[in-house]
>>> print(open('coords22.txt').read())   # compact mmCIF, C-alpha atoms and all ligand atoms
# COMPACT_ATOMS: atom_id res chain seq x y z
CA MET A 655 -9.26 14.02 13.12
CA PRO A 656 -9.15 14.72 9.36
CA LEU A 657 -7.25 17.63 7.87
CA GLU A 658 -9.62 20.05 6.14
CA PRO A 659 -8.59 21.07 2.61
CA THR A 660 -8.35 24.68 3.77
CA GLN A 661 -5.85 23.87 6.53
CA ALA A 662 -2.10 24.42 6.25
CA PRO A 663 0.12 21.45 5.30
CA LEU A 664 1.83 19.44 8.01
CA ASP A 665 5.50 19.94 8.81
CA ILE A 666 5.93 16.38 10.09
CA LEU A 667 3.96 13.19 9.51
CA ALA A 668 4.77 10.02 11.49
CA ILE A 669 3.65 6.84 9.73
CA ALA A 670 3.48 3.47 11.53
CA ALA A 671 1.75 0.11 11.28
CA HIS A 672 -0.32 0.07 14.46
CA ARG A 673 -2.08 2.55 16.67
CA ASP A 674 0.39 3.07 19.55
CA ASP A 675 3.53 2.43 17.44
CA VAL A 676 4.17 6.16 17.12
CA GLU A 677 3.58 6.56 20.87
CA GLN A 678 6.11 3.76 21.44
CA THR A 679 8.89 5.22 19.30
CA CYS A 680 8.57 8.96 18.67
CA GLY A 681 5.76 10.52 20.72
CA GLY A 682 8.19 12.76 22.59
CA THR A 683 9.58 14.06 19.31
CA LEU A 684 6.12 15.01 18.05
CA LEU A 685 5.55 16.88 21.33
CA ARG A 686 8.88 18.62 20.89
CA MET A 687 8.00 19.65 17.32
CA LYS A 688 4.63 20.98 18.51
CA SER A 689 6.42 23.02 21.20
CA LEU A 690 8.46 24.63 18.39
CA GLY A 691 5.21 25.72 16.72
CA LEU A 692 5.32 23.11 13.95
CA ARG A 693 2.36 21.15 12.61
CA ALA A 694 2.52 17.41 13.23
CA GLY A 695 0.36 14.41 12.35
CA ILE A 696 0.12 10.63 12.63
CA LEU A 697 -0.92 8.06 10.03
CA ASP A 698 -1.66 4.59 11.42
CA LEU A 699 -1.81 1.99 8.65
CA THR A 700 -4.12 -0.45 10.48
CA GLN A 701 -6.98 -0.21 12.95
CA GLY A 702 -5.89 -2.83 15.47
CA GLU A 703 -8.55 -5.49 14.95
CA ALA A 704 -6.08 -8.40 15.35
CA GLY A 705 -4.68 -7.44 18.75
CA THR A 706 -4.89 -9.89 21.67
CA ARG A 707 -6.50 -7.21 23.82
CA GLY A 708 -9.18 -4.66 22.94
CA SER A 709 -11.30 -4.12 19.81
CA ALA A 710 -10.62 -1.78 16.87
CA GLU A 711 -13.28 0.58 18.31
CA GLU A 712 -11.58 0.71 21.70
CA ARG A 713 -8.27 1.38 20.05
CA ALA A 714 -9.78 4.18 17.95
CA ALA A 715 -10.94 5.95 21.12
CA GLU A 716 -7.54 5.39 22.74
CA ALA A 717 -5.73 6.68 19.64
CA ALA A 718 -7.86 9.84 19.71
CA GLU A 719 -7.02 10.38 23.37
CA ALA A 720 -3.29 9.83 22.68
CA ALA A 721 -3.49 12.31 19.76
CA ARG A 722 -4.99 14.88 22.13
CA ILE A 723 -2.12 14.36 24.60
CA LEU A 724 0.45 14.62 21.78
CA LYS A 725 -1.32 17.79 20.53
CA VAL A 726 -1.11 16.61 16.91
CA ASP A 727 -3.03 18.39 14.16
CA PHE A 728 -3.96 15.26 12.25
CA ARG A 729 -4.47 11.57 12.88
CA GLN A 730 -5.94 8.97 10.58
CA ALA A 731 -6.03 5.17 10.49
CA LEU A 732 -6.11 3.42 7.12
CA ASP A 733 -7.94 0.13 6.60
CA ILE A 734 -4.94 -2.09 5.84
CA PRO A 735 -5.55 -5.43 7.62
CA ASP A 736 -3.83 -5.66 11.01
CA GLY A 737 -1.14 -8.36 10.95
CA ARG A 738 -1.13 -8.30 7.14
CA VAL A 739 0.62 -5.06 6.22
CA GLU A 740 1.88 -5.77 2.71
CA ASN A 741 3.88 -3.65 0.33
CA THR A 742 1.36 -3.60 -2.50
CA TRP A 743 0.51 -1.01 -5.14
CA GLU A 744 -2.92 -0.52 -3.56
CA ASN A 745 -1.43 0.16 -0.11
CA ARG A 746 1.23 2.49 -1.52
CA LEU A 747 -1.52 4.47 -3.26
CA LYS A 748 -3.56 4.75 -0.04
CA ILE A 749 -0.57 6.23 1.81
CA ALA A 750 0.41 8.43 -1.15
CA ALA A 751 -3.09 9.95 -1.14
CA VAL A 752 -2.67 10.94 2.53
CA LEU A 753 0.82 12.33 1.85
CA ARG A 754 -0.57 14.49 -0.94
CA ARG A 755 -3.40 15.74 1.23
CA THR A 756 -1.23 16.54 4.28
CA ARG A 757 1.94 17.59 2.35
CA PRO A 758 4.52 17.02 5.13
CA ARG A 759 8.09 18.23 4.71
CA VAL A 760 9.39 15.47 7.00
CA VAL A 761 8.14 11.88 7.29
CA ILE A 762 9.02 9.64 10.23
CA LEU A 763 8.95 5.93 9.34
CA PRO A 764 9.58 2.81 11.45
CA TYR A 765 13.13 1.43 11.32
CA TRP A 766 13.48 -1.13 8.52
CA THR A 767 14.31 -4.21 10.59
CA GLY A 768 12.46 -5.62 13.58
CA ARG A 769 10.56 -8.56 15.02
CA HIS A 770 7.05 -7.76 13.79
CA PRO A 771 6.63 -8.08 10.01
CA ASP A 772 4.06 -5.23 10.01
CA HIS A 773 6.72 -2.88 11.43
CA TYR A 774 9.49 -3.52 8.93
CA THR A 775 7.05 -3.80 6.04
CA ALA A 776 5.58 -0.40 7.01
CA SER A 777 9.08 1.04 6.65
CA THR A 778 9.54 -0.01 3.01
CA LEU A 779 5.90 0.55 2.18
CA GLY A 780 6.07 4.07 3.63
CA TYR A 781 9.25 4.88 1.72
CA GLU A 782 7.81 3.68 -1.58
CA ALA A 783 4.59 5.62 -0.92
CA CYS A 784 6.68 8.80 -0.39
CA PHE A 785 8.29 8.19 -3.77
CA LEU A 786 4.97 7.45 -5.46
CA ALA A 787 3.32 10.55 -3.98
CA GLY A 788 5.75 12.69 -5.98
CA LEU A 789 4.98 11.17 -9.37
CA ALA A 790 2.84 13.54 -11.44
CA LYS A 791 1.31 10.77 -13.54
CA VAL A 792 -0.04 8.82 -10.56
CA GLU A 793 -3.62 9.98 -10.06
CA THR A 794 -5.08 10.23 -6.54
CA GLY A 795 -7.25 13.31 -6.97
CA THR A 796 -4.74 15.67 -5.32
CA PRO A 797 -1.54 17.26 -6.69
CA PRO A 798 1.78 15.40 -6.33
CA HIS A 799 3.88 15.96 -3.25
CA ARG A 800 7.17 14.38 -2.19
CA PRO A 801 8.44 14.85 1.37
CA PHE A 802 11.85 16.53 1.59
CA LYS A 803 13.15 14.30 4.36
CA ILE A 804 12.56 10.77 5.65
CA VAL A 805 13.91 9.72 9.05
CA TYR A 806 13.53 6.36 10.75
CA ALA A 807 12.48 5.98 14.40
CA SER A 808 15.03 3.51 15.77
CA LEU A 809 14.14 3.24 19.48
CA TYR A 810 13.60 -0.53 19.32
CA ALA A 811 16.34 -1.21 16.76
CA ASP A 812 19.74 -2.20 18.04
CA VAL A 813 21.56 0.39 15.97
CA ARG A 814 23.48 3.58 16.61
CA PRO A 815 21.23 6.57 15.90
CA SER A 816 22.25 9.29 13.42
CA PHE A 817 20.83 11.83 15.86
CA VAL A 818 18.53 12.08 18.86
CA VAL A 819 15.81 14.59 19.73
CA ASP A 820 15.81 16.09 23.22
CA ILE A 821 12.45 15.22 24.80
CA SER A 822 13.38 16.05 28.41
CA GLU A 823 10.52 18.51 28.81
CA HIS A 824 8.00 16.11 27.32
CA ILE A 825 8.78 12.78 29.00
CA GLU A 826 5.65 12.74 31.19
CA ALA A 827 3.30 13.61 28.32
CA ARG A 828 5.10 11.09 26.15
CA PHE A 829 4.45 8.38 28.76
CA ALA A 830 0.83 9.53 29.24
CA ALA A 831 0.20 9.24 25.48
CA LEU A 832 1.32 5.61 25.55
CA MET A 833 -0.76 4.84 28.63
CA ALA A 834 -3.83 6.25 26.84
CA TYR A 835 -3.95 2.76 25.30
CA ARG A 836 -5.57 1.33 28.42
CA SER A 837 -6.69 -1.84 26.59
CA GLN A 838 -3.04 -2.61 25.80
CA TYR A 839 -1.05 -1.43 28.78
CA ALA A 840 -3.25 -1.26 31.87
CA ASN A 841 -2.77 -4.26 34.17
CA GLN A 842 -5.32 -7.01 33.40
CA THR A 843 -5.53 -10.80 33.16
CA SER A 844 -6.04 -11.44 29.43
CA GLY A 845 -2.70 -11.91 27.72
CA SER A 846 -0.80 -11.28 30.95
CA GLY A 847 1.89 -13.78 29.93
CA LEU A 848 2.51 -11.75 26.78
CA PHE A 849 2.14 -8.21 28.11
CA VAL A 850 4.43 -6.33 30.45
CA PRO A 851 3.02 -4.94 33.73
CA GLU A 852 2.24 -1.21 33.73
CA GLU A 853 4.93 -0.35 36.28
CA GLU A 854 7.59 -1.97 34.17
CA ILE A 855 6.49 -0.12 31.03
CA ARG A 856 7.25 3.16 32.77
CA GLU A 857 10.66 1.93 33.85
CA ARG A 858 11.46 0.77 30.32
CA ILE A 859 10.30 3.99 28.68
CA LEU A 860 12.32 6.14 31.07
CA ALA A 861 15.39 3.90 30.86
CA MET A 862 15.45 3.96 27.06
CA ALA A 863 14.87 7.71 26.88
CA ARG A 864 17.60 8.23 29.49
CA HIS A 865 20.01 6.03 27.56
CA TYR A 866 19.53 7.97 24.33
CA GLY A 867 19.63 11.24 26.26
CA LEU A 868 22.99 10.33 27.78
CA LEU A 869 24.45 9.75 24.32
CA ALA A 870 23.87 13.44 23.60
CA GLY A 871 24.33 14.97 27.03
CA VAL A 872 20.64 15.66 27.69
CA ARG A 873 18.25 14.01 30.13
CA TYR A 874 15.76 12.20 27.87
CA ALA A 875 15.86 11.72 24.10
CA GLU A 876 14.47 9.66 21.22
CA PRO A 877 16.76 8.19 18.52
CA PHE A 878 16.51 8.39 14.73
CA VAL A 879 18.47 7.11 11.76
CA GLN A 880 18.80 9.02 8.51
CA LYS A 881 20.25 7.38 5.42
CA GLU A 882 21.88 10.59 4.14
CA VAL A 883 25.00 12.17 5.63
CA GLY A 884 24.65 15.30 7.76
CA LEU A 885 25.56 18.63 6.18
CA VAL A 886 27.29 21.22 8.35
CA ASP A 887 27.64 24.89 7.61
CA ASP A 888 29.36 26.24 10.73
CA LEU A 889 31.61 23.85 12.68
CA THR A 890 31.30 25.98 15.82
CA LEU A 891 27.56 25.30 16.04
CA ILE A 892 27.63 21.48 16.04
CA PRO A 893 25.88 20.40 19.26
CA VAL A 894 26.91 17.62 21.74
CA PRO A 895 30.32 18.04 23.42
CA SER A 896 33.15 15.61 22.56
CA ILE A 897 35.02 15.83 25.88
ZN ZN A 901 3.18 -2.24 16.37
>>> encode(input="coords22.txt", output="structure tokens")
Amino acid sequence: MPLEPTQAPLDILAIAAHRDDVEQTCGGTLLRMKSLGLRAGILDLTQGEAGTRGSAEERAAEAAEAARILKVDFRQALDIPDGRVENTWENRLKIAAVLRRTRPRVVILPYWTGRHPDHYTASTLGYEACFLAGLAKVETGTPPHRPFKIVYASLYADVRPSFVVDISEHIEARFAALMAYRSQYANQTSGSGLFVPEEEIRERILAMARHYGLLAGVRYAEPFVQKEVGLVDDLTLIPVPSI
């Protein structure tokens, strides 16, 4: 699902290591942004060839189906080796080229700590690519572009979010987008010791979304961390009641 040169820039681009990472951490938010009329996209850094279940081809078809459910305007997978996401100049340039082509105002990155090295490396790699994309002297064939804002999807990080996004209206589509990865999440024998049964995935997704929703007084939400402080103009418009 490439973005044609004639198409409008994206408002939001979510970058993550593996196909399904975005569905795991911020799919509901992309749906919410689409419902506001914004343009959203996904950049997967790898193609999923190292996974226990399913081939890269299967995962490509599943990613396309998930993109359809999330209604995104753009999705691309780079060719960085799965399980070997490294913060190299070459990889930064590959991501910077996509940033310049899609020109997002906001970039969603994975949180910067975690269990899987690909995930936390993608965080730093993505940040440095955002920086690089804005440097006029770095040549990628398209004009420089630096995103205005970077936020970190912190669903699986044990940290207090800076803010959450209300995804109450999108929880079913958010779950459906994740389940589009049949090779990963449908019940089957291979890797059954490692993978969670389908029924439990639903319970986990709903429980986490409910937890983050409760923090802000809504039904379901997804959490994010921003490194900057929030800026408030009108104190009477700050959402989330205190008592
Ligand atoms: Zn992953």
>>> atom_distance(input="coords22.txt", atom1="atom CA of Ala662 of chain A", atom2="atom CA of Leu690 of chain A")
16.1 Å
>>> atom_distance(input="coords22.txt", atom1="atom CA of His824 of chain A", atom2="atom CA of Val676 of chain A")
14.8 Å
>>> atom_distance(input="coords22.txt", atom1="atom CA of Pro895 of chain A", atom2="atom CA of Ala875 of chain A")
15.8 Å
>>> residues_around(input="coords22.txt", residues="Thr756 of chain A", least_positions_apart="5", cutoff="9 Å", atoms="only C-alpha atoms", output="ChimeraX atom specification")
/A:657,659,661-665,667,695,728,751
>>> residues_near_ligand(input="coords22.txt", ligand="ligand ZN 901 (chain A)", cutoff="12 Å", atoms="all atoms listed in the file", output="number ranges by chain")
A: 669-679, 698-702, 704-705, 736-739, 764-765, 768-777, 810, 838
>>> closest_residue(input="coords22.txt", among="A:Glu823, A:Asp727, A:Glu703, A:Glu744", to="Gly682 of chain A", atoms="only C-alpha atoms")
A:Glu823
>>> residues_near_point(input="coords22.txt", point="(16.4, 7.4, 21.2)", cutoff="8 Å", atoms="all atoms listed in the file", output="PyMOL selection string")
chain A and resi 807-809+815+818-819+862-863+865-867+875-878
>>> closest_residue(input="coords22.txt", among="A:Tyr839, A:Gly708, A:Ala827, A:Val726", to="Gly691 of chain A", atoms="all atoms listed in the file")
A:Val726
>>> residues_near_point(input="coords22.txt", point="(-5.4, 7.7, -8.5)", cutoff="10 Å", atoms="all atoms listed in the file", output="list in words")
Glu744, Leu747, Lys748, Ala750, Ala751, Lys791, Val792, Glu793, Thr794, Gly795 and Thr796 of chain A
